[in-house]
Structures are given as C-alpha cells and as structure tokens.
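Novice: Once you've had a glance at the structure underneath, I'll fire off some questions.
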Number of protein chains: 4
Amino acid sequence: MLNFDSILAAIAVEIRPLFGQGKIADYIPALARVPNEQFGIALRTADGREAYAGDAHTPFSIQSISKVFTLTLAMQELGDRLWERIGREPSGDPFNSLIQLEHEQGVPRNPFINAGAIVVADRLVSRLPDTQRAVRQFVSSLCGEEIAFDEEVARSEAETGFRNIALANFIKSFGKLDNPVEQVLDLYFHQCALSMSCVQLARACAYLCRDGASALRDQRVLNERQTRRINALMLTCGTYDAAGEFAFRIGLPSKSGVGGGIVAVLPDRLTVCVWSPELGPSGNSLAGMRALELFVEKTKLSVF
Amino acid sequence: MLNFDSILAAIAVEIRPLFGQGKIADYIPALARVPNEQFGIALRTADGREAYAGDAHTPFSIQSISKVFTLTLAMQELGDRLWERIGREPSGDPFNSLIQLEHEQGVPRNPFINAGAIVVADRLVSRLPDTQRAVRQFVSSLCGEEIAFDEEVARSEAETGFRNIALANFIKSFGKLDNPVEQVLDLYFHQCALSMSCVQLARACAYLCRDGASALRDQRVLNERQTRRINALMLTCGTYDAAGEFAFRIGLPSKSGVGGGIVAVLPDRLTVCVWSPELGPSGNSLAGMRALELFVEKTKLSVF
Amino acid sequence: MLNFDSILAAIAVEIRPLFGQGKIADYIPALARVPNEQFGIALRTADGREAYAGDAHTPFSIQSISKVFTLTLAMQELGDRLWERIGREPSGDPFNSLIQLEHEQGVPRNPFINAGAIVVADRLVSRLPDTQRAVRQFVSSLCGEEIAFDEEVARSEAETGFRNIALANFIKSFGKLDNPVEQVLDLYFHQCALSMSCVQLARACAYLCRDGASALRDQRVLNERQTRRINALMLTCGTYDAAGEFAFRIGLPSKSGVGGGIVAVLPDRLTVCVWSPELGPSGNSLAGMRALELFVEKTKLSVF
Amino acid sequence: MLNFDSILAAIAVEIRPLFGQGKIADYIPALARVPNEQFGIALRTADGREAYAGDAHTPFSIQSISKVFTLTLAMQELGDRLWERIGREPSGDPFNSLIQLEHEQGVPRNPFINAGAIVVADRLVSRLPDTQRAVRQFVSSLCGEEIAFDEEVARSEAETGFRNIALANFIKSFGKLDNPVEQVLDLYFHQCALSMSCVQLARACAYLCRDGASALRDQRVLNERQTRRINALMLTCGTYDAAGEFAFRIGLPSKSGVGGGIVAVLPDRLTVCVWSPELGPSGNSLAGMRALELFVEKTKLSVF
C-alpha cells in the first residue's frame with residue numbers, strides 16, 4: 001500500500017527548485033500580490049483517506065477550477081440538453097476561443113474554455129434563483145465547510161475582464177445567451193473568485209473518483225455515466241492548450257486555474273489537488289504540473 | 001458634355017426590376033420598417049453642378065457611410081499618428097474582423113470595418129470634447145444644412161449591438177482603447193444614426209473629389225494627399241467583403257452602409273450617392289450597386 | 001468474471017440496425033467496393049484470453065490505424081527526439097491540419113493527423129533502410145502472422161492522394177522533411193494499405209495494454225512510460241475531430257481508420273478491435289463506434 | 001507638360017540611399033546572385049512617348065509580373081467563364097493563401113496570388129497547345145522583341161518550389177485543376193522565369209493604359225471593360241499583402257515580382273516599370289516602391 005504522506009512530503013521538497021521560474025498571474029492586484037514561494041498538495045482516496053503536505057490548508061483563488069462545479073450543477077439541472085449550446089471537443093487553438101466561436105456560430109467548443117463556462121453560467125442563471133448563492137452552497141456542501149467568494153477578486157475581475165465581456169457579448173450576438181450579459185458575467189466573475197484550499201478541493205471533488213457520490217454524506221452528485229463524462233472532458237479539455245501535454249506527461253483528468261491550483265482525478269481511486277501560484281508558459285501552475293508528474297512517477301497511478 | 005439629369009433618370013428606371021430581390025436590414029425595427037421600393041441617386045460635380053433622380057431628397061440612416069466622416073475628422077486631428085492603431089489593408093476575411101483582431105493583437109485592419117471605426121471613435125473621444133456634437137456639426141457644415149441623429153436608431157443600435165460591444169471590449173482587452181467602452185460606443189452608435197439624403201451626402205462628400213476642399217465655402221477639409229488616401233481606402237476597403245467586386249465592376253472609391261446608401265467618388269470630377277434599402281448578399285444595396293455599374297457604363301467614368 | 005464471448009456476440013447483433021446508415025469511404029475503388037454489411041469485433045486480454053464475434057477474421061485496409069505502428073517504431077528509434085518535429089496536442093480544427101501547419105511553421109500538431117504521420121514516416125525513412133519492409137515485418141512480428149500490403153490500395157492512394165502530396169510538400173517547404181517527398185509518401189501510402197483482421201489487430205496492439213510487452217513472445221516493444229504516452233495520444237488525438245466525443249461517450253484510447261477499423265485499449269486489461277466499413281459523419285466507423293460504446297456500457301470498463 | 005526624362009533621372013538618384021537596406025530574394029541561386037545596387041525605371045505614355053533612367057535596359061526575372069500576362073491570355077480565351085474558378089477579392093491574409101484555399105474549397109481569392117495564377121495556368125494548358133510557347137510569343141508580340149525564358153531560373157523554381165507544388169496538389173484535391181499538376185507547374189515555373197527589362201515591360205503592358213490596344217501595332221489585346229478590370233485587380237490585389245499600402249501611398253494599379261520589378265498603370269495616360277532587386281518586408285522592391293511614390297509626388301499622377 002502506498003504511503004501517501006511520505007510521497008506528498010517528498011514531492012513538496014522536490015518541486016522547490018521551481019520557485020522563481022514561473023510567473024504569477026498579475027492581471028488583477030489581488031492575484032498579483034500572492035507570495036510566490038508557496039506549494040500545497042492534498043489527496044483524498046475514494047474510501048476517505050486523506051493526506052497532504054506543504055501549504056495544503058492555505059486558501060487560494062480557484063479561478064477556472066470552478067468550471068468543474070458549475071458544469072456539474074448544470075448537468076444536474078439540464079442533463080443532455082446542456083450540450084445543445086456547448087461542444088465537447090478540445091479547442092486546439094493556439095490563440096484563443098474567439099476564433100472558434102466565430103467559425104462555430106457562438107457555440108463554444110467545450111465547457112472548460114471561458115466561452116463555454118459563460119454559456120454554462122447562463123444556463124444556471126435561467127434555472128437557479130439566486131444563482132451565486134446556489135453555487136456557493138453547492139461547493140460548501142461538497143466539502144462540508146462554508147466556502148466564500150473573495151469579493152475583491154470578483155470586483156477586480158469585473159473591472160478588467162474586457163475579454164470575457166467581449167466573449168459574452170459575442171455569444172449573445174449569436175442569440176446563444178438567454179440572460180443579460182451583466183447578470184451572467186456577475187455569476188462567472190464570482191465563481192472564479194471562490195477561495196479554497198487544496199484539502200478542501202480534494203474533498204469537494206471526491207465525487208469525481210467515486211462514480212458521482214459525494215465525499216461526506218455519500219450523496220449522489222451525478223450518476224456514474226455523467227461522472228465519467230466530466231472526467232473525460234477534464235482529460236481532453238481541462239488544461240487549456242496543454243491538454244495533450246498533460247495527458248502525455250501526467251495522464252490524469254485535470255482542471256487548472258490561473259490562481260495556480262490544479263485538481264486531478266484517478267477514477268475509482270482518488271482525487272489530488274496541488275497549488276503553487278507561479279504559472280508556466282501554458283498558463284498552468286509550474287510546480288503544480290511537476291508535482292502531478294512526480295506523483296504519477298512515484299505511484300504509477302495514471303489512467304493509461 | 002454628359003447630360004447627367006437624363007442619365008440619372010434612366011438609371012432610376014432601369015433598376016426598378018430589382019425591387020423585391022434584396023433584403024432590408026432588419027436587425028433593428030427602425031431600419032426594418034423602411035418601405036423597400038425606394039431608390040434615390042444624386043451627384044455633384046467638382047465645379048458644383050448637381051443632378052438627381054428618384055427619392056434623392058428622402059433622408060435615410062447613413063450607417064457605415066459615417067465612417068468616412070469620422071475618419072476625416074480623425075485625420076484632421078491626428079494626422080499620421082492615427083495609423084499607429086489602425087491598419088490600411090483590406091480585411092479579406094469572409095467571416096468577420098474578430099479573427100483578424102485576434103491575430104493582430106487588437107489592431108483593426110482598416111478604419112472602415114467596424115473594429116476600425118470603433119478605434120477611430122476612441123481617438124475622437126480623446127480629442128474632441130462633446131464628440132457627438134462635434135461630429136454632427138462637422139457633417140452639417142459639409143452639406144450646409146442641419147443634420148440630425150435619429151435617436152431611435154441610435155438607441156436600438158445600442159440595445160442590440162452585442163457584436164460591436166464585443167469588438168470594443170476585445171480591443172480594450174488588448175489595451176488599444178483609451179476611453180471607456182460605453183462612451184466610445186455611444187459615439188459610434190450615434191454616428192451610424194445620422195440621417196441624410198442622397199443630395200446631402202453627394203454634397204457633404206464633395207471634398208473627396210475636390211482635393212480636400214469642401215463644396216460650399218471652399219473650406220479646406222483635408223489636404224490633397226490625405227484626400228487621395230481616403231479615396232484609396234474607400235476603393236480597397238469601403239464595401240465590406242465586396243471591395244474587389246466593386247473595383248472590378250464599378251471602379252470607383254465607394255463607401256456603403258446597411259441603410260442602403262452608397263457614396264462613390266470620381267476624383268477631380270464628381271461624387272455620386274445612391275440609395276435603395278434592399279441589400280444584396282454582400283450587405284451592399286442591391287439597386288445601389290447596379291445603379292453605380294450603370295452609371296459607369298453610361299458615362300465611361302471610372303478610375304481605371 | 002465477464003463473459004466476453006457472449007458480450008461480443010450480443011454487440012454484433014445490436015449494431016445490425018446501423019447497416020445502411022453510414023457511408024463507405026469511396027475515394028479509391030478498392031475501398032468503395034467493400035460490401036457494407038460487415039461487422040467484426042475481437043478482443044485480447046492482457047493475459048492472453050481472446051474473444052471475437054462477427055467478421056473478426058476478415059482482413060480490411062487498416063489505413064490510419066497504421067499510424068500507431070509507425071509511431072511506435074519511431075519512438076523505438078528516436079526516443080524523445082521525435083518530438084522536435086511533431087506536437088502532442090489535439091488539432092481541434094474543424095477544417096483540417098493545413099491551416100495549423102501554416103500557423104505552426106510546418107510542425108504538425110500530433111502524430112495521428114496525416115501531416116504528423118508523414119513526418120513520422122520521414123523520420124523512419126532516415127533511420128531504417130528498406131523502410132517499408134521494416135514496417136511490415138514489425139507488424140507481422142507483433143501478431144505472429146505474415147501481414148501484407150494491398151498493393152492495389154497503395155497504388156490508388158498514390159494516384160489520388162493530392163491532399164497528402166500537398167501536405168508533404170508544404171512540410172518540405174518549411175524545411176521539416178529530410179527525405180524526398182516521393183519516398184516518404186511511398187512509405188505512407190503503403191503503411192495505410194496494410195491489410196489485417198480484427199483478431200490480428202487486437203493481438204498486434206496487445207503491447208498497449210501490457211506496459212509495452214508484445215502479446216506473443218513477451219518482447220519489449222516500448223517501455224512503460226512510452227506505452228502510457230501512446231495511449232494518452234490515442235485518447236486525445238486518435239479519432240480525428242471526434243476525440244472529445246470518443247472520450248466522452250467511450251472513454252478508451254482509440255485509433256480509427258477510414259477502412260472502418262477502430263482499435264481501443266484499456267490499459268492493463270485488454271485491447272479490442274472493431275470493424276465495419278460504413279463511416280459516420282466524423283469519419284469513424286458508425287457501427288464500430290456504437291459497438292465500443294455498447295462494450296463500455298456492458299462491461300463498465302473505461303479509463304474514467 | 002511633364003518632363004519625364006528629368007523626373008525619372010531625379011528619381012534614380014533619390015532612391016540610391018535605399019541600396020543595402022532591403023534583401024534580395026535568395027530562395028534560388030540565380031536570383032540570389034543578382035548584384036543589389038541596380039535600379040531601372042521606364043515609362044511609356046498612351047500615345048507612345050518613352051522615357052527611362054538607370055538600368056532600364058537590364059533584363060531581370062519578371063516572376064509574378066507574368067501573372068498579368070497569363071491572366072490577360074486567359075481572359076482572351078475564356079471571358080467571364082474564367083471566374084468560375086477564381087475570385088476577385090483581396091486575400092488580406094497575413095499568412096498565406098493556403099488557409100483561404102481551405103476555407104473556400106480550392107477556389108483562390110484572386111488571380112494574382114500564387115494559387116490563383118496556378119489555376120490560370122491550368123486554364124491555359126487546357127486551351128492552348130504548346131502553352132509555354134504561346135505565352136512566350138504573346139509577351140514577345142506585346143513588346144516587339146523576342147522574350148526568352150531563363151531556363152536556369154525555371155529549373156531552380158521547380159526544384160525548390162515545394163510550396164507551389166503543395167498549392168497545386170491542394171487545389172487538385174478539391175477537383176479544381178483539370179490537368180496534371182506537373183504540366184501546370186511547368187508552365188507556371190516558366191512564366192515566372194521570363195526575362196525582361198523595364199523598357200520592355202513598360203511597352204508590353206501598354207495595353208493596360210490604352211483601353212486594351214497594344215503599343216506596337218494597335219492590336220486589340222482586350223476590350224475596354226476587360227482592361228479596366230485587370231487594372232482594378234492590380235490595384236486591389238497586385239502587391240501581395242501590401243495592396244492597401246500601395247493604394248494609400250502610391251495610388252496606381254501595380255503588379256510586383258520577387259525579382260524586384262513592379263509595373264504600374266495610370267489608365268489613359270501611361271505605364272511605368274521600376275526595378276531594383278532588394279525587397280522590403282512586404283516582398284515588394286524597396287527602391288521600386290519608393291520610386292513609384294516619388295513619381296506620384298512629382299507628377300501628381302494617381303487614380304485618386
């Protein structure tokens with residue numbers, strides 16, 4: 001049996017030489033001022049064992065990792081109808097998704113690019129009254145602790161998020177957004193501003209390695225088939241333009257955020273969350289990616 | 001000497017079979033309810049002779065033709081510095097300019113695509129206090145009559161202009177827009193809502209065939225070189241994706257608008273303005289394009 | 001323990017209503033004249049159990065499935081240096097890879113699109129004298145039977161393969177092809193013309209579910225890490241523009257060919273090969289895709 | 001009346017500081033070894049006056065200027081049917097035409113990009129037996145002197161022309177090339193290898209400023225309408241991605257070649273040919289572009 005505590009502790013040491021080699025997201029002050037020499041890692045097995053190392057209890061801005069939670073909620077609410085407005089293919093575009101939105105008439109390629117998450121947010125706004133509260137409560141219930149929005153981050157995102165405002169209006173121009181742009185983006189900017197630690201995220205995402213059953217009270221979050229599908233999407237589309245590289249080097253369904261967090265899943269076995277604020281050239285946490293690679297090397301755990 | 005009155009009268013008859021074959025712009029109600037069986041044509045020679053036929057005194061929404069006026073103002077204000085933020089090449093993209101904006105980091109290909117005109121509007125907002133009034137006064141002074149905004153059109157454009165809002169935010173995301181998006185678009189939506197007749201437009205654009213001297217009081221609007229340059233831009237970029245087709249079939253620098261108007265210039269000789277609300281597949285007035293083609297056939301006047 | 005014989009037999013019945021609903025590849029006569037109402041399925045477990053149903057012994061043109069074999073050979077020969085000339089990301093382009101080749105200066109996105117396989121072929125031509133024979137012998141040794149090229153298919157591919165000739169010359173124009181285009185394409189057209197049955201393919205690909213050890217004499221084909229990487233590439237890039245859909249619906253690393261074959265891998269467990277000549281809109285075998293989906297539903301085996 | 005001799009002489013002096021600032025086309029040895037400090041300029045008025053300065057009698061490789069001659073021949077042979085396979089719009093793509101060929105299913109945007117000229121060549125091969133000889137005789141008859149192919153250049157083009165081979169095969173893959181790729185490209189590579197001087201080119205192109213009547217025996221080459229159309233195409237598409245810049249700065253229909261030549265037309269007035277082998281960033285002759293700009297400044301002759 002693997003000794004996860006010592007494996008994670010070793011990883012937390014091995015990644016240290018990477019401090020200083022990446023670049024912290026600096027498009028908003030609240031992210032820019034996060035101290036760079038931080039690294040946390042936490043895992044939770046399907047049967048509830050937990051292990052962690054480093055800054056695993058420090059909360060950080062989960063940013064795009066929130067797309068997993070809103071997608072899950074939208075699958076609960078809409079089932080397969082969700083896919084009428086979003087694709088499931090990797091975006092593959094070195095530039096960005098606006099080009100593909102244009103080619104494909106306002107239908108984002110997948111729910112993990114910004115355009116796709118904005119469409120997911122629009123679907124939730126249509127279904128859930130007080131949507132922000134619903135999202136926060138859902139995530140809180142998943143990890144059994146009260147999770148909060150970092151309102152300063154949410155406000156900064158709104159003030160500087162011209163590209164996301166452009167995306168939302170562009171989708172709206174194709175008639176593919178039902179609610180007012182401001183309302184949809186307000187949810188989107190808030191979900192990105194959820195503040196969580198590695199331990200909380202590993203716990204909250206436990207349903208992804210448990211065929212859809214939540215960590216804490218064994219509640220059914222999704223059915224088995226839906227859970228498999230989220231994992232498939234994370235593997236093919238969860239890490240921006242580096243999805244192929246992730247699959248190739250790490251081989252675990254993963255979702256990353258510009259706050260430096262990455263959640264990874266080994267179906268039926270465990271979830272693992274890493275965090276370190278400096279990003280590599282692909283926009284994923286530099287030490288985080290390396291940590292996951294080390295984890296797979298040391299444990300031989302991978303879907304492939 | 002050409003008898004322009006009889007030539008224009010003949011054209012107004014010859015285009016009649018095209019009524020019913022195009023499609024009126026219907027994205028806002030104020031445009032959609034314009035009666036389709038209308039056609040006007042007016043010309044003004046460099047030495048001040050005027051001729052017209054059909055509905056040449058009926059005001060219509062000039063829409064993108066306004067881009068000529070704002071470009072002219074911006075050239076007055078900024079000279080060659082204007083081109084730091086806008087290119088001068090045809091866009092050539094069958095889809096739309098968002099793709100090119102992305103490839104070219106927020107620098108629109110030319111001032112006659114929407115993205116380019118939005119950047120021009122931003123430059124004017126920076127330079128001219130009460131910019132809307134300045135634009136309206138400039139156009140009024142060019143044709144010697146008070147020209148007004150159609151406020152209903154301006155409001156509708158603002159309410160439904162998601163693509164333009166997307167464009168402006170996208171440019172802003174590249175740091176290439178100095179003023180708030182709302183302020184820039186307020187000017188843009190108003191300039192498109194200027195209401196003018198063929199006779200007024202032929203007169204207002206007279207400086208384009210007079211080396212930069214205005215029709216009425218011989219005022220210098222632009223210098224000779226700048227005037228040539230606007231004509232060059234109109235020829236290569238003035239009619240959306242049909243610029244090549246216009247040059248090929250008509251051979252006059254032209255600028256069209258979705259309201260159905262087209263202004264064309266024969267340098268040193270005349271300006272001509274046609275209007276008919278039904279548009280062809282390229283988004284240019286169907287009868288208007290045919291009228292210009294007939295005009296060139298009958299007069300042998302063309303730059304080529 | 002799963003009764004694979006009865007599961008495969010059931011699948012072979014269940015897919016029958018799909019006959020007639022797809023379209024056989026007809027760009028060359030030798031493929032066009034294959035009778036459509038055929039379906040085969042074969043699997044081989046990591047420990048050597050085999051099962052099959054339907055036309056599992058009928059040889060067909062393996063086409064792009066051959067890319068797995070040449071990639072394997074190239075990884076043997078070049079190790080990580082192979083990746084200097086080929087990427088590992090999904091292509092994501094609805095159109096085709098020429099656009100991306102252009103954006104990325106002659107470096108194909110991954111080894112499973114045609115451009116990538118042509119670059120792999122060039123690498124092999126540089127390393128292996130009598131490359132065609134080497135490829136054929138490699139595949140023959142993997143399945144323990146003499147495998148042959150269908151020379152008529154190879155000839156037809158060469159006569160009509162204008163797009164592949166374009167791709168190869170385009171890559172050459174970027175200086176990214178070391179050998180003469182004709183020689184590289186001769187290999188490429190031959191590898192696509194390998195003729196194999198489902199049983200043979202399931203056996204030949206066994207190393208992909210056995211950490212790199214071949215089915216027959218337990219020979220090391222690749223090391224464990226390399227094997228995982230091929231599986232990762234198959235999952236993210238193995239089925240043209242439908243890779244996301246495959247991952248989502250099936251969840252097994254897969255490689256398909258226009259001859260109607262698909263090889264799929266469940267690491268550590270089994271390889272399965274399906275074949276049915278009619279293709280669906282994504283260019284993958286219609287009945288083959290459905291068969292894999294049924295297989296996963298019935299066995300609950302998937303990487304996710 | 002303008003004194004062209006002194007104007008051209010002055011220009012030949014004024015451009016000298018540009019020597020050394022551009023880059024000679026070096027993709028084939030025969031072009032790479034042309035001495036760089038050369039400049040020629042020649043003009044011919046519609047009524048037959050000629051003037052020249054500098055190296056106006058030195059023959060050079062006309063390269064893409066030949067596209068004007070083959071287009072003219074194809075318009076003679078096919079009239080408007082020619083346009084079934086070629087567009088007339090600027091390409092506008094900063095990269096290159098392969099992308100647009102793909103978007104537009106093998107129909108090149110215009111006859112002056114390489115893809116378009118290859119389609120023109122295919123049309124000529126279908127219509128004219130011994131096509132190369134026909135092209136050479138046509139050009140020779142236009143300037144009243146025997147013009148020859150530089151066979152070394154033609155051979156080098158063929159040996160290194162991978163991108164053109166790619167283009168031709170790509171068009172063929174869409175079924176838009178009737179003749180074998182080799183035969184079409186043999187013509188294309190030869191037409192580019194025609195060797196002519198500025199004086200010869202100004203004379204040969206005289207029909208473009210004479211409503212279609214040739215310089216020497218007043219022969220009808222094209223009708224008036226066709227001639228206007230070639231001029232329109234030269235203005236909008238004749239100088240690669242710099243067509244807008246040319247129109248803006250120079251304002252004359254122009255066609256350039258990588259050999260350093262540029263032919264420009266002022267309809268009803270004159271043709272002018274400049275040559276200097278060093279190219280600027282847009283692939284057009286650096287001194288040649290400046291010379292045309294000086295010419296327009298000094299003479300005030302421009303279509304705008």
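The way I read the labels, and the way they are meant: chains A, B, ... in the order of the structure tokens, residue 1 as the first residue of every chain, and ligand 1 as the first ligand shown, with later ones counted on from there.
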Dump as a list in words the residues of chain B that approach chain A to within 10 Å, counting only C-alpha atoms.

Specialist: Phe95, Asn96, Ser97, Leu98, Ile99, Gln100, Leu101, Glu102, His103, Thr160, Gly161, Phe162, Arg163, Asn164, Ile165, Ala166, Leu167, Ala168, Asn169, Phe170, Ile171, Lys172, Ser173, Phe174, Gly175 and Val181 of chain B

Novice: I need the chosen residues saved as a CSV table (one decimal), in the first residue's frame, with N, CA, C and O atoms.

Specialist:
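File produced: again_21.csv:
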```csv
chain,number,residue,atom,x,y,z
B,95,PHE,N,-15.4,35.8,-43.0
B,95,PHE,CA,-16.2,35.8,-41.8
B,95,PHE,C,-16.3,37.2,-41.2
B,95,PHE,O,-17.3,37.8,-41.4
B,96,ASN,N,-15.3,37.6,-40.5
B,96,ASN,CA,-15.5,38.9,-39.9
B,96,ASN,C,-14.2,39.3,-39.2
B,96,ASN,O,-13.3,38.5,-39.0
B,97,SER,N,-14.2,40.5,-38.7
B,97,SER,CA,-12.9,41.0,-38.3
B,97,SER,C,-12.4,40.6,-36.9
B,97,SER,O,-11.3,40.8,-36.5
B,98,LEU,N,-13.3,39.9,-36.2
B,98,LEU,CA,-12.8,39.4,-34.8
B,98,LEU,C,-11.6,38.5,-35.0
B,98,LEU,O,-10.6,38.6,-34.1
B,99,ILE,N,-11.6,37.7,-35.9
B,99,ILE,CA,-10.5,36.8,-36.2
B,99,ILE,C,-9.2,37.6,-36.4
B,99,ILE,O,-8.2,37.3,-35.8
B,100,GLN,N,-9.3,38.6,-37.3
B,100,GLN,CA,-8.1,39.3,-37.5
B,100,GLN,C,-7.6,40.2,-36.3
B,100,GLN,O,-6.5,40.3,-36.1
B,101,LEU,N,-8.6,40.7,-35.6
B,101,LEU,CA,-8.3,41.4,-34.4
B,101,LEU,C,-7.4,40.6,-33.5
B,101,LEU,O,-6.5,41.0,-32.9
B,102,GLU,N,-7.8,39.3,-33.4
B,102,GLU,CA,-7.1,38.4,-32.6
B,102,GLU,C,-5.7,38.1,-33.1
B,102,GLU,O,-4.7,38.2,-32.4
B,103,HIS,N,-5.6,37.8,-34.4
B,103,HIS,CA,-4.3,37.6,-35.0
B,103,HIS,C,-3.4,38.8,-34.8
B,103,HIS,O,-2.2,38.7,-34.7
B,160,THR,N,-29.1,46.4,-29.2
B,160,THR,CA,-28.9,45.1,-29.9
B,160,THR,C,-27.5,44.9,-30.5
B,160,THR,O,-27.2,43.9,-31.1
B,161,GLY,N,-26.6,45.9,-30.2
B,161,GLY,CA,-25.3,45.8,-30.8
B,161,GLY,C,-24.3,45.0,-30.1
B,161,GLY,O,-23.1,45.4,-29.8
B,162,PHE,N,-24.7,43.7,-29.8
B,162,PHE,CA,-23.8,42.9,-29.0
B,162,PHE,C,-22.4,42.6,-29.6
B,162,PHE,O,-21.4,42.5,-29.0
B,163,ARG,N,-22.5,42.5,-31.0
B,163,ARG,CA,-21.2,42.2,-31.6
B,163,ARG,C,-20.3,43.5,-31.6
B,163,ARG,O,-19.1,43.3,-31.4
B,164,ASN,N,-20.8,44.6,-31.7
B,164,ASN,CA,-20.0,45.8,-31.6
B,164,ASN,C,-19.5,46.0,-30.1
B,164,ASN,O,-18.4,46.4,-29.9
B,165,ILE,N,-20.4,45.7,-29.2
B,165,ILE,CA,-19.9,45.7,-27.8
B,165,ILE,C,-18.8,44.7,-27.6
B,165,ILE,O,-17.8,45.0,-26.9
B,166,ALA,N,-18.9,43.5,-28.2
B,166,ALA,CA,-17.8,42.5,-28.1
B,166,ALA,C,-16.6,43.1,-28.7
B,166,ALA,O,-15.5,43.0,-28.2
B,167,LEU,N,-16.7,43.6,-29.9
B,167,LEU,CA,-15.5,44.2,-30.6
B,167,LEU,C,-14.8,45.2,-29.7
B,167,LEU,O,-13.6,45.2,-29.6
B,168,ALA,N,-15.6,46.1,-29.2
B,168,ALA,CA,-15.0,47.2,-28.4
B,168,ALA,C,-14.3,46.7,-27.2
B,168,ALA,O,-13.1,47.1,-26.8
B,169,ASN,N,-14.9,45.7,-26.5
B,169,ASN,CA,-14.3,45.1,-25.3
B,169,ASN,C,-13.0,44.3,-25.7
B,169,ASN,O,-12.1,44.3,-24.9
B,170,PHE,N,-13.1,43.7,-26.8
B,170,PHE,CA,-12.0,42.9,-27.3
B,170,PHE,C,-10.8,43.8,-27.5
B,170,PHE,O,-9.6,43.5,-27.1
B,171,ILE,N,-11.0,44.9,-28.2
B,171,ILE,CA,-9.9,45.9,-28.5
B,171,ILE,C,-9.4,46.4,-27.1
B,171,ILE,O,-8.2,46.5,-26.9
B,172,LYS,N,-10.3,46.7,-26.3
B,172,LYS,CA,-10.0,47.2,-24.9
B,172,LYS,C,-9.1,46.2,-24.2
B,172,LYS,O,-8.1,46.6,-23.5
B,173,SER,N,-9.4,44.9,-24.4
B,173,SER,CA,-8.6,43.9,-23.7
B,173,SER,C,-7.1,43.9,-24.2
B,173,SER,O,-6.3,43.4,-23.5
B,174,PHE,N,-6.9,44.4,-25.4
B,174,PHE,CA,-5.5,44.5,-25.9
B,174,PHE,C,-4.9,45.8,-25.5
B,174,PHE,O,-3.8,46.2,-25.9
B,175,GLY,N,-5.6,46.6,-24.7
B,175,GLY,CA,-5.1,47.9,-24.3
B,175,GLY,C,-5.1,48.9,-25.4
B,175,GLY,O,-4.3,49.9,-25.4
B,181,VAL,N,-15.5,51.9,-22.8
B,181,VAL,CA,-16.2,51.3,-23.9
B,181,VAL,C,-17.6,52.0,-24.2
B,181,VAL,O,-17.9,52.2,-25.3
```

Novice: Can you tell me which residues surround A:Gln21 at a distance of at most 10 Å, considering only C-alpha atoms, apart from same-chain residues fewer than 2 positions away, and format the answer as a list in words?

Specialist: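 The contact residues come out as Pro17, Leu18, Phe19, Lys23, Ile24, Glu278, Leu279, Gly280, Leu286 and Ala287 of chain A.
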
Novice: Please give the complete set of residues from stretch 209-291 of chain D that DSSP, run on the backbone, assigns to strand (DSSP E or B), formatted as a list in words.

Specialist: Ala213, Arg220, Ser254, Lys255, Ser256, Gly261, Ile262, Val263, Ala264, Val265, Leu266, Leu270, Thr271, Val272, Cys273, Val274, Trp275, Glu278, Leu279 and Ser285 of chain D

Novice: Suppose we keep C-alpha atoms; can you now write the selection as a PDB file, in the first residue's frame?

Specialist:
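Once written, out_39.pdb looks like this:
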```pdb
ATOM      1  CA  ALA D 213      -4.896  48.275 -77.523  1.00  0.00           C
ATOM      2  CA  ARG D 220      -6.750  44.792 -79.607  1.00  0.00           C
ATOM      3  CA  SER D 254       0.547  47.809 -59.775  1.00  0.00           C
ATOM      4  CA  LYS D 255       1.917  44.295 -60.093  1.00  0.00           C
ATOM      5  CA  SER D 256       5.174  43.337 -58.430  1.00  0.00           C
ATOM      6  CA  GLY D 261      10.247  44.544 -60.709  1.00  0.00           C
ATOM      7  CA  ILE D 262       6.987  46.483 -60.411  1.00  0.00           C
ATOM      8  CA  VAL D 263       4.721  47.517 -63.270  1.00  0.00           C
ATOM      9  CA  ALA D 264       2.263  50.354 -62.594  1.00  0.00           C
ATOM     10  CA  VAL D 265      -0.507  51.777 -64.736  1.00  0.00           C
ATOM     11  CA  LEU D 266      -2.167  55.154 -64.957  1.00  0.00           C
ATOM     12  CA  LEU D 270       0.920  55.767 -69.169  1.00  0.00           C
ATOM     13  CA  THR D 271       2.575  52.618 -67.873  1.00  0.00           C
ATOM     14  CA  VAL D 272       5.695  52.775 -65.762  1.00  0.00           C
ATOM     15  CA  CYS D 273       8.050  49.959 -64.777  1.00  0.00           C
ATOM     16  CA  VAL D 274      10.613  50.103 -61.989  1.00  0.00           C
ATOM     17  CA  TRP D 275      13.170  47.527 -60.984  1.00  0.00           C
ATOM     18  CA  GLU D 278      16.317  44.389 -52.974  1.00  0.00           C
ATOM     19  CA  LEU D 279      12.929  43.682 -51.414  1.00  0.00           C
ATOM     20  CA  SER D 285      11.057  46.049 -54.298  1.00  0.00           C
TER      21      SER D 285
END
```

Novice: Could you name the residues that touch C:Pro90 at 12 Å or less, counting only C-alpha atoms, but leaving out those on the same chain fewer than 4 positions away, as JSON, numbers by chain?

Specialist: {"A": [89, 90, 91, 92, 93, 94, 235, 236, 237, 240, 241, 242, 243, 244, 245, 246, 247, 248], "C": [86, 94, 96, 97, 100, 108, 109, 110, 111, 112, 113, 116, 232, 233, 234, 235, 236, 237, 238, 239, 240, 241, 242, 243, 244]}

Novice: For stretch 189-203 of chain B, please output as a ChimeraX atom specification all residues within 7 Å (counting only C-alpha atoms; exclusion window: fewer than 4 positions along the same chain).

Specialist: /B:40-44,56-64,66,143,147-150,153-154,157-158,185,215,271-275
